[in-house]
Structures are given as C-alpha cells and as structure tokens.
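Engineer: Here it is, the structure, as structure tokens.
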There are 2 protein chains.
Amino acid sequence: MKKSIHIARRMRHIEPFHVMELLAKARAIEATGGCVVHMEIGEPDFITPQPMVTAGIEALREGFTHYTPAMGLASLREAIANYYLDQYRTVVDPQRIIITPGASGALQLMMGVLINPGDQLLMADPGYPCNRHFLRQYEGEPISVPVTADSGYQLTSALMQQYWGKRCVGALLASPSNPTGTLISTQELQAMVNYTLERDAILIVDEIYHGLIYEGDAQTALALGNNVVVINSFSKYFGMTGWRLGWLIAPEGYIRALEKLAQNIFLAAATPAQYAGLAAFKPEALRILASRRETFRQRRDFLLPALRDMGFDIPVTPQGAFYLYANCERFTQDSYSFAHRLLSEAGVAITPGIDFGRYRSNQHVRFAYTTSIEQLELGVDRLKRFLH
Amino acid sequence: MKKSIHIARRMRHIEPFHVMELLAKARAIEATGGCVVHMEIGEPDFITPQPMVTAGIEALREGFTHYTPAMGLASLREAIANYYLDQYRTVVDPQRIIITPGASGALQLMMGVLINPGDQLLMADPGYPCNRHFLRQYEGEPISVPVTADSGYQLTSALMQQYWGKRCVGALLASPSNPTGTLISTQELQAMVNYTLERDAILIVDEIYHGLIYEGDAQTALALGNNVVVINSFSKYFGMTGWRLGWLIAPEGYIRALEKLAQNIFLAAATPAQYAGLAAFKPEALRILASRRETFRQRRDFLLPALRDMGFDIPVTPQGAFYLYANCERFTQDSYSFAHRLLSEAGVAITPGIDFGRYRSNQHVRFAYTTSIEQLELGVDRLKRFLH
C-alpha cells in the first residue's frame, strides 16, 4: 500500500505546545480590536538590555558575520567561566563550556551524545515538556515522576530511589522549575548528586532561571559533583530570547563528543548573538538585570496573593522564574477548556497544565508574570469577574 | 562495572570535521608569524552584504529581540515564496516554507520527522558529511553511493535503481554539490523525481549553492514533483553564514509535524537574522550578490586551469558553488597526509577527501576558492614549488 507521507513513529510522542492555539486565538481577538491580558507567554516582556543590543550592533558594524568555532567564541566561554567564579565561587574550565543555540541546542547536544535507544532519564511531571521530547527524539524513554507540593514540585533522592529504572542513565532537574517556579535546596540537590554518582549516572540540571531567584542565593549544581551537566541560557534572566544563545557545561569526558556533534548538527551559535552575549556580564548589564529581577519579584508579590485570594491553590511560594502553577480544581476539572473559556469570555490568556505533563494536569494552569503590574491588575479583575 | 562517561553508540558513526585539525594547525602557524593561503574554508570570505547588515541593526534598534513563531516570520516566508516566483517561476505556498537555524536546522527537522530507526536514504559519496550524520543521529542508515566523474559526481536514476535498498525511504541530493561543485541536469533531476515518486519515496534536495551557478540557470527541484523537499540557506549565496538562517520547503503533509518538532527542538531561528534575511531579496542586495557571483566565477576560471596544469585531475568542470574536487593521485595515495604536508611545508591549507566520504577519498582533495585572486595566485605558486 502506498502512503505518500512518511512520518516517523517518534513524532507520535512529540506533542505541540497547546498554548500556541491559545496564543493564536488571542492574536485573533486582538486583530479584531479586542484586548487580551497575556499571562501565557514564557518570555520576559522586556526587550534585550541596551548593553547587549549595542554590542550586537557593534559586532555587525565591524563585520563579524562569519561562523565562529563550533564550541563558540573563546572570549565568551571565558566570560562565562568568570561568571561562575564571581557568582558561585566555582571554578569552571572554559574548555568544558560549549556555546549553543539556546538551551534547546544544549539539551539537543547532551541528549544526542548520551542517549541510546531505550535509555531512561528521570524527570519531574509537571516539567518543561521539551525535555521528554528531546529524549524521545533519540529513542530514549522519559520516566515522568509525579511531583507534588510536598517536594516543592521537584524530584528528590527519595523519589529517585522509588522510580529508578533498569535502563536509567540519569535524571534531569530544573531549578527554578518551569512551570512551578520552585527551587531545589542545596541539601536536596547534593543528595541527588550523591544518589546518581553512586549509580554511575548523570545529573543534568537546567539552571536557565537561576538568575531569577527572589529569596536567597542558589548554588549551581556544578559545584556539587563531577557527574553534573548544567544547561543554561541567555534567554530568560539575560533577556535575550530571540537571539538563541545558551550554554552547556559537561564533565571533560563528554566534551570531544559534544564538539563533534555540534560541528555536525548546528555548526555554531549565531555570531552576532555571541558578541552580544559578551556584554551581558558587564556591570552596566548586570545592574539592569538586577533591576528587572526586582520588577519580577514585585509582580510575583502582587499576583501570588491575588490568585490565592480568588481560590487558586498555590501551596508552595515559588522563589524563582516568572511562573505560578496553580491548582484550579475549585473551578474546573478540565483546565484546558477552562483556559479557552477564560480567553474567549474574559480576555485573559493562561497556559493549561497539559503543556507540562500528565500528572493532575487537568487540575492545573500556569500563570506567567511576564507583563506589567497594570496588565496583571487588569487580568486579576477580569479573572474575578469570570469566576464569580 | 562502573563507567563514569556514557557516550551513545551513534557517536561512533559521527565523525568530526578533519579539516578542523588543519585549520587549528594553520592558525598556529599564523600565530607565530607564518602566512597561510586558506583554500580549506567552506564559507565566503565576503562579509554579509550591507543591506542585510543594516536591516539586522535596524531590527535590533527597534527592539525586535523576542522569539518569532516556530515557523519563522510570516513576512520572511512570503519573501521566500516571492523569490521562487521571481527566480524560478514556481508558485510555493508560504505555509510550506519553514524558517530554520541554517540549512543544518532544516536537515535536522526533516530527518527527525522522516526517519525511523533502520530507515535508509541514498546519498552521493563524496558529499556533505553532515548529511549522513543527521541520518545516523536518528538511527537511520545512509546508503552511500560511490559517484564518479561519469555522472558528474551526482546520483542518477540509474544509480538509484542499482543501490535502492529494502528500507529506503528516499534519497538526498545536493546541486551544486559540496565538494564537487557539479550540477544535476534538470532532465536527470526529473528522472530521479519520477523514480522516487514511483517508489512512494521522498527526494530531499539541498539547493544551498543554487545562487552560485556560473553557467546557465538551474531549475529548483520543487518544480518537478510533489514528493520533493528543498533545503536552502542564507549562508552561502546570501553571505550570511554566521547568522544561522535557512529554510525548508516540504510537501503539505509534513508541515504540521515539522512545526511541532521545530517548537520543541529549537523554538525558532534567531530573530535579528530573520529581519536581516528580509533585506536579502531587495534589488540592492541582489545586485551585490550578482557581483560576488561574478567574482567567484573569475576565481574558478583562474584556479581550475591552474590546478589542471599542475597535474590535478578535475575531469568535470564545476558549474557552481566555490569548490574544486581534485584527484591528486599523481602526487599521493594519501590525501590526508598530503594536505598536512602541504600546510606545514608550503603554507597552503586545503581539505582532504576523507571529510566527504570513503569512496576514493584518499586520492582526492577539495580546494575552496573562498579567498581573493591574489591569495589564490600565491597558493598556486606555493603549490607549484611544493610539487616540483
């Protein structure tokens, strides 16, 4: 039998972002003159800070439009190493730092080098959905571990022990987490490093929201063991989403393979982005970023109690990122329809839980505070009217 | 037994770019005051044309630093559709055009959506090495077809028939080819479209050097059948290598899956690059590109006879790209050592055949005319002294 279109089996397991439908619907409402409060978007509303924009423009003016080495500009790898020294008092050999097209490129590379068909990785449900899709892409099998408020919506060494599979090669964590904004304590992180070390397994830690922590300081997982891979990005904290720039720090034994794969699958991260990224560590940029962090904290401090007052259950106060993951079962058992109705009837866009996993996802929604306090206030007013 | 580093089996089949060692060696020579003629580099020596640079700067000034949709800016997809109309008199629905991070991103997406483990694709040896690595990445099996001067170093429908495998889902062509610069005639291309159509298979055609054709006009494979996927890029002809911008045009039935995979594995191509790309189709940019094409033609017309005179065998006159693939067996049966000696002893960098496959690769080298006529002249003088 002939079939004109061949779609690989892996695509059955790779889901679209459901929020995209909501975003398209929101844009349609706006196109006809309607007004939507956007609390669905997982990117800062701010444009890139001026120092990085200026550095990007300067690089273009100077004609830096050719490929860089696959591992990235040496100067950028060194700047990142210095950042770890300044920020975390952690020494990282720049040779272990690979510049990637966003954290996406970093996950792609690491999974490609690590995962054999059938290999398993533990990850939290809810979590960033692309994580399991990157694994699927390489014929790996995610073990999605249901996590609750009890563990701050994070994996723990106890959960690892409970769910560890025969073909597990490691675990993937994110701290702060998307969608929950919750952190892993340094103590628990150390326990998970130790647990994976004992099993000769790897611990991949997504720290892309690490700059956006509102209480206390978090330690990078990199400082806690030599089986740790860290994923990071210029997108969220540094405000450079559209530039597609991230980095990967891996144990030395992986570097040659990672470089080889990078040469083959993306050649290098975009050159203007890399020059722009160099400016992200300058004092004037860090000052802007600190001020934006304070703005995000204020938004959280407004939105969190407002949602709780309305009856959304947010049992753990999120310490980072720009998300609130709310139990909405007081209002619905079908958060997907709820989000669609909220948009159509009240002009408020949020993300249904289904975008982050399967565990109780129909009873949860994600609010992103990636818009101004004024917009958040408007959103809260509309929500109140919608719910009462 | 514990092993602290886990490297997936696929990495055994994914080779590094051997030329990178030569490039590192060349840089070391230059760092100590030596002078190297670079004929190894597969990217134009020109910086990006001013209209694209200006458009990129303008986009940054306007604050276009957020994500675009996963499929890319609608305006860029439309500009590309218009380019097909102007250039090839071919109507392409912009909905079928996906903007990608370079042609690399396009190959990645297409292979991810198409290839099940064990699936086979025919491809020419010599050819662009990443092609078979993209396939390997998804547990596919490249069938490398040895090609000779007899077929202009290209696949033909006859070769397809000879090598077609049980698990073949299609073939991957490149016209003009890297490393040979040779074209596929429209007639032969049509024969291969028909051959694959009859077998309900797909034909992926890399047209990234299509703008750099020095004699006559080539037809896009897109116009020849509805099972054709075209890969293209702003890198080579448009001179935008470092921006990482390309595109993919696929039959409608693949688009939803491609979009879904793009959302998950790279989110979108870089935003400043997409705005810069919009300027690439403006008359002032196309004038610059036409003038650069003429410069490349002049370089070819200098280097080709010079190499032939020296005793390099280049039986087919390459009509496009910026490469000459030369049989060097009059001088060596080990082109890899030959390239290393040529660099150390004469200060000329070229690429050994091994970077492009296995078939007679030890008897071939690639010369890239991505440097000025003056440098090419110097390179030719040095080669003459080295060889005699």
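To be explicit about the labels: the chains of the structure tokens are called A, B, and onward in the order shown, and within each one the residues are counted from 1, while ligands get numbers from 1 in the order they are shown.
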Restrict the calculation to only C-alpha atoms, then for each residue of chain B with any atom at most 6 Å from an atom of chain A give the closest atom pair and their distance in Å to one decimal, rows by chain and rising residue number, as CSV.

Structural biologist:
```
residue,atom,partner,partner_atom,distance
B:Ser4,CA,A:Asp200,CA,5.8
B:His6,CA,A:Leu114,CA,5.8
B:Ile7,CA,A:Leu114,CA,5.1
B:Ala8,CA,A:Leu114,CA,5.0
B:Pro16,CA,A:Lys260,CA,4.9
B:Ile47,CA,A:Gly63,CA,5.9
B:Ile57,CA,A:Ile57,CA,5.5
B:Gly63,CA,A:Ile47,CA,5.9
B:Thr65,CA,A:Gly242,CA,4.9
B:His66,CA,A:Gly242,CA,4.3
B:Tyr67,CA,A:Gly242,CA,4.3
B:Ser104,CA,A:Phe266,CA,5.5
B:Val113,CA,A:Ala8,CA,5.5
B:Leu114,CA,A:Ala8,CA,5.0
B:Ile115,CA,A:Ala8,CA,5.4
B:Asn116,CA,A:Ala8,CA,5.1
B:Cys130,CA,A:Asn264,CA,5.2
B:Asp200,CA,A:Ser4,CA,5.8
B:Thr241,CA,A:His66,CA,5.5
B:Gly242,CA,A:Tyr67,CA,4.3
B:Trp243,CA,A:Ala270,CA,4.9
B:Arg244,CA,A:Ala270,CA,5.6
B:Lys260,CA,A:Pro16,CA,4.9
B:Asn264,CA,A:Cys130,CA,5.3
B:Ile265,CA,A:Ser104,CA,5.9
B:Phe266,CA,A:Ser104,CA,5.5
B:Ala270,CA,A:Trp243,CA,4.9
B:Thr271,CA,A:Gly242,CA,5.0
```

Engineer: Can you tell me, as number ranges by chain, what residues are no more than 10 Å from region 312-314 of chain B when counting only C-alpha atoms, ignoring any on the same chain fewer than 4 positions away?

Structural biologist: B: 149, 180, 304-308, 318, 324-331, 364-365

Engineer: So that I can see what lies close to Leu383 (chain A), please list as a list in words the residues with an atom at most 8 Å from it, counting only C-alpha atoms and leaving out residues fewer than 3 positions away in the same chain.

Structural biologist: Leu342, Ala346, Val348, Gly379, Val380, Phe386 and Leu387 of chain A

Engineer: Give me, as a ChimeraX atom specification, the residues of region 86-254 of chain A that a backbone DSSP run labels alpha helix (DSSP H).

Structural biologist: /A:86-88,102-114,129-137,157-163,186-198,252-254

Engineer: Deliver the residues from the most recent selection as a file, using C-alpha atoms, as a tab-separated table (two decimals), in the first residue's frame.

Structural biologist:
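Below is the file that was written, part-v1.tsv:
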```tsv
chain	number	residue	atom	x	y	z
A	86	ASP	CA	32.01	35.70	40.57
A	87	GLN	CA	28.52	34.38	41.11
A	88	TYR	CA	29.08	30.98	42.67
A	102	GLY	CA	19.76	28.48	23.20
A	103	ALA	CA	19.32	25.97	26.00
A	104	SER	CA	17.46	23.98	23.32
A	105	GLY	CA	20.75	23.45	21.49
A	106	ALA	CA	22.39	22.41	24.76
A	107	LEU	CA	19.70	19.82	25.52
A	108	GLN	CA	19.86	18.56	21.96
A	109	LEU	CA	23.62	18.07	22.10
A	110	MET	CA	23.67	16.44	25.51
A	111	MET	CA	20.85	14.02	24.72
A	112	GLY	CA	22.42	13.15	21.37
A	113	VAL	CA	25.72	12.27	22.99
A	114	LEU	CA	24.21	10.48	25.99
A	129	PRO	CA	7.71	19.47	28.04
A	130	CYS	CA	10.57	19.67	25.54
A	131	ASN	CA	12.77	17.72	27.95
A	132	ARG	CA	10.93	14.49	27.34
A	133	HIS	CA	10.67	15.26	23.63
A	134	PHE	CA	14.44	15.70	23.32
A	135	LEU	CA	14.77	12.28	24.90
A	136	ARG	CA	12.15	10.79	22.59
A	137	GLN	CA	13.92	12.32	19.63
A	157	SER	CA	16.62	11.49	46.18
A	158	ALA	CA	13.76	9.52	47.78
A	159	LEU	CA	11.66	9.85	44.61
A	160	MET	CA	14.69	8.88	42.55
A	161	GLN	CA	15.05	5.71	44.58
A	162	GLN	CA	11.35	4.95	44.17
A	163	TYR	CA	11.27	5.45	40.40
A	186	THR	CA	21.28	22.78	48.03
A	187	GLN	CA	20.98	19.95	50.52
A	188	GLU	CA	18.49	18.02	48.40
A	189	LEU	CA	20.47	18.78	45.25
A	190	GLN	CA	23.57	17.33	46.94
A	191	ALA	CA	21.58	14.23	47.92
A	192	MET	CA	20.55	13.75	44.27
A	193	VAL	CA	24.11	14.28	43.06
A	194	ASN	CA	25.23	11.61	45.51
A	195	TYR	CA	22.42	9.24	44.55
A	196	THR	CA	23.25	9.46	40.83
A	197	LEU	CA	27.00	9.30	41.49
A	198	GLU	CA	26.56	6.02	43.36
A	252	GLU	CA	35.51	16.67	30.48
A	253	GLY	CA	34.95	13.15	29.15
A	254	TYR	CA	31.95	14.30	27.12
```

Engineer: Would you list the contacts of Tyr214 (chain A) as a list in words, taking every protein, DNA or RNA residue within 12 Å and counting only C-alpha atoms, but skipping same-chain residues closer than 5 positions in sequence?

Structural biologist: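 The filter keeps Pro176, Gly181, Thr182, Leu183, Tyr209, Ala290, Ser291, Arg292, Arg293, Glu294, Thr295, Phe296, Arg297, Gln298, Arg299, Arg300, Asp301, Thr317, Pro318, Gln319, Gly320, Ala321 and Phe322 of chain A.
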
Engineer: Restricted to N, CA and C atoms, what would the selected residues look like written as a PDB file, in the first residue's frame?

Structural biologist:
```pdb
ATOM      1  N   PRO A 176      15.317  27.111  39.227  1.00  0.00           N
ATOM      2  CA  PRO A 176      13.874  27.037  39.427  1.00  0.00           C
ATOM      3  C   PRO A 176      13.194  26.285  38.280  1.00  0.00           C
ATOM      4  N   GLY A 181       8.185  27.387  39.262  1.00  0.00           N
ATOM      5  CA  GLY A 181       8.977  28.453  39.870  1.00  0.00           C
ATOM      6  C   GLY A 181       9.668  28.042  41.159  1.00  0.00           C
ATOM      7  N   THR A 182       9.582  26.758  41.510  1.00  0.00           N
ATOM      8  CA  THR A 182      10.150  26.298  42.779  1.00  0.00           C
ATOM      9  C   THR A 182      11.607  25.886  42.619  1.00  0.00           C
ATOM     10  N   LEU A 183      12.325  25.999  43.747  1.00  0.00           N
ATOM     11  CA  LEU A 183      13.756  25.680  43.786  1.00  0.00           C
ATOM     12  C   LEU A 183      13.997  24.319  44.428  1.00  0.00           C
ATOM     13  N   TYR A 209      16.707  29.557  34.753  1.00  0.00           N
ATOM     14  CA  TYR A 209      16.037  30.617  35.534  1.00  0.00           C
ATOM     15  C   TYR A 209      16.842  30.980  36.781  1.00  0.00           C
ATOM     16  N   ALA A 290      19.508  43.177  37.474  1.00  0.00           N
ATOM     17  CA  ALA A 290      19.117  43.148  38.893  1.00  0.00           C
ATOM     18  C   ALA A 290      17.832  43.939  39.082  1.00  0.00           C
ATOM     19  N   SER A 291      17.718  45.058  38.367  1.00  0.00           N
ATOM     20  CA  SER A 291      16.526  45.883  38.493  1.00  0.00           C
ATOM     21  C   SER A 291      15.309  45.158  37.892  1.00  0.00           C
ATOM     22  N   ARG A 292      15.525  44.453  36.803  1.00  0.00           N
ATOM     23  CA  ARG A 292      14.409  43.687  36.228  1.00  0.00           C
ATOM     24  C   ARG A 292      13.979  42.552  37.149  1.00  0.00           C
ATOM     25  N   ARG A 293      14.960  41.938  37.782  1.00  0.00           N
ATOM     26  CA  ARG A 293      14.628  40.869  38.736  1.00  0.00           C
ATOM     27  C   ARG A 293      13.722  41.418  39.834  1.00  0.00           C
ATOM     28  N   GLU A 294      14.038  42.602  40.307  1.00  0.00           N
ATOM     29  CA  GLU A 294      13.227  43.237  41.340  1.00  0.00           C
ATOM     30  C   GLU A 294      11.800  43.475  40.814  1.00  0.00           C
ATOM     31  N   THR A 295      11.685  43.889  39.565  1.00  0.00           N
ATOM     32  CA  THR A 295      10.362  44.073  38.951  1.00  0.00           C
ATOM     33  C   THR A 295       9.589  42.757  38.918  1.00  0.00           C
ATOM     34  N   PHE A 296      10.257  41.697  38.523  1.00  0.00           N
ATOM     35  CA  PHE A 296       9.591  40.387  38.506  1.00  0.00           C
ATOM     36  C   PHE A 296       9.143  39.989  39.920  1.00  0.00           C
ATOM     37  N   ARG A 297      10.001  40.268  40.905  1.00  0.00           N
ATOM     38  CA  ARG A 297       9.646  39.922  42.284  1.00  0.00           C
ATOM     39  C   ARG A 297       8.384  40.674  42.711  1.00  0.00           C
ATOM     40  N   GLN A 298       8.316  41.961  42.354  1.00  0.00           N
ATOM     41  CA  GLN A 298       7.126  42.759  42.701  1.00  0.00           C
ATOM     42  C   GLN A 298       5.866  42.190  42.041  1.00  0.00           C
ATOM     43  N   ARG A 299       6.023  41.761  40.807  1.00  0.00           N
ATOM     44  CA  ARG A 299       4.871  41.174  40.112  1.00  0.00           C
ATOM     45  C   ARG A 299       4.415  39.897  40.803  1.00  0.00           C
ATOM     46  N   ARG A 300       5.398  39.064  41.161  1.00  0.00           N
ATOM     47  CA  ARG A 300       5.051  37.834  41.881  1.00  0.00           C
ATOM     48  C   ARG A 300       4.327  38.172  43.174  1.00  0.00           C
ATOM     49  N   ASP A 301       4.859  39.165  43.882  1.00  0.00           N
ATOM     50  CA  ASP A 301       4.294  39.508  45.184  1.00  0.00           C
ATOM     51  C   ASP A 301       2.899  40.118  45.064  1.00  0.00           C
ATOM     52  N   THR A 317       5.218  28.689  47.871  1.00  0.00           N
ATOM     53  CA  THR A 317       5.569  30.002  47.318  1.00  0.00           C
ATOM     54  C   THR A 317       6.749  29.841  46.362  1.00  0.00           C
ATOM     55  N   PRO A 318       6.528  30.165  45.102  1.00  0.00           N
ATOM     56  CA  PRO A 318       7.621  29.990  44.134  1.00  0.00           C
ATOM     57  C   PRO A 318       8.704  31.031  44.383  1.00  0.00           C
ATOM     58  N   GLN A 319       9.945  30.590  44.457  1.00  0.00           N
ATOM     59  CA  GLN A 319      11.049  31.507  44.759  1.00  0.00           C
ATOM     60  C   GLN A 319      11.731  32.050  43.520  1.00  0.00           C
ATOM     61  N   GLY A 320      11.366  31.539  42.354  1.00  0.00           N
ATOM     62  CA  GLY A 320      12.094  31.993  41.182  1.00  0.00           C
ATOM     63  C   GLY A 320      11.298  31.868  39.894  1.00  0.00           C
ATOM     64  N   ALA A 321      11.991  32.103  38.762  1.00  0.00           N
ATOM     65  CA  ALA A 321      11.403  32.136  37.419  1.00  0.00           C
ATOM     66  C   ALA A 321      10.305  33.202  37.375  1.00  0.00           C
ATOM     67  N   PHE A 322       9.358  33.090  36.449  1.00  0.00           N
ATOM     68  CA  PHE A 322       8.267  34.067  36.425  1.00  0.00           C
ATOM     69  C   PHE A 322       6.924  33.372  36.205  1.00  0.00           C
TER      70      PHE A 322
END
```

Engineer: I want to know what sits within 10 Å of Gln95 (chain A), based on only C-alpha atoms, with residues of the same chain fewer than 6 positions away left out; could you give that as an NGL selection string?

Structural biologist: :A and (71 or 74 or 77-78 or 81 or 249-250 or 252 or 255)
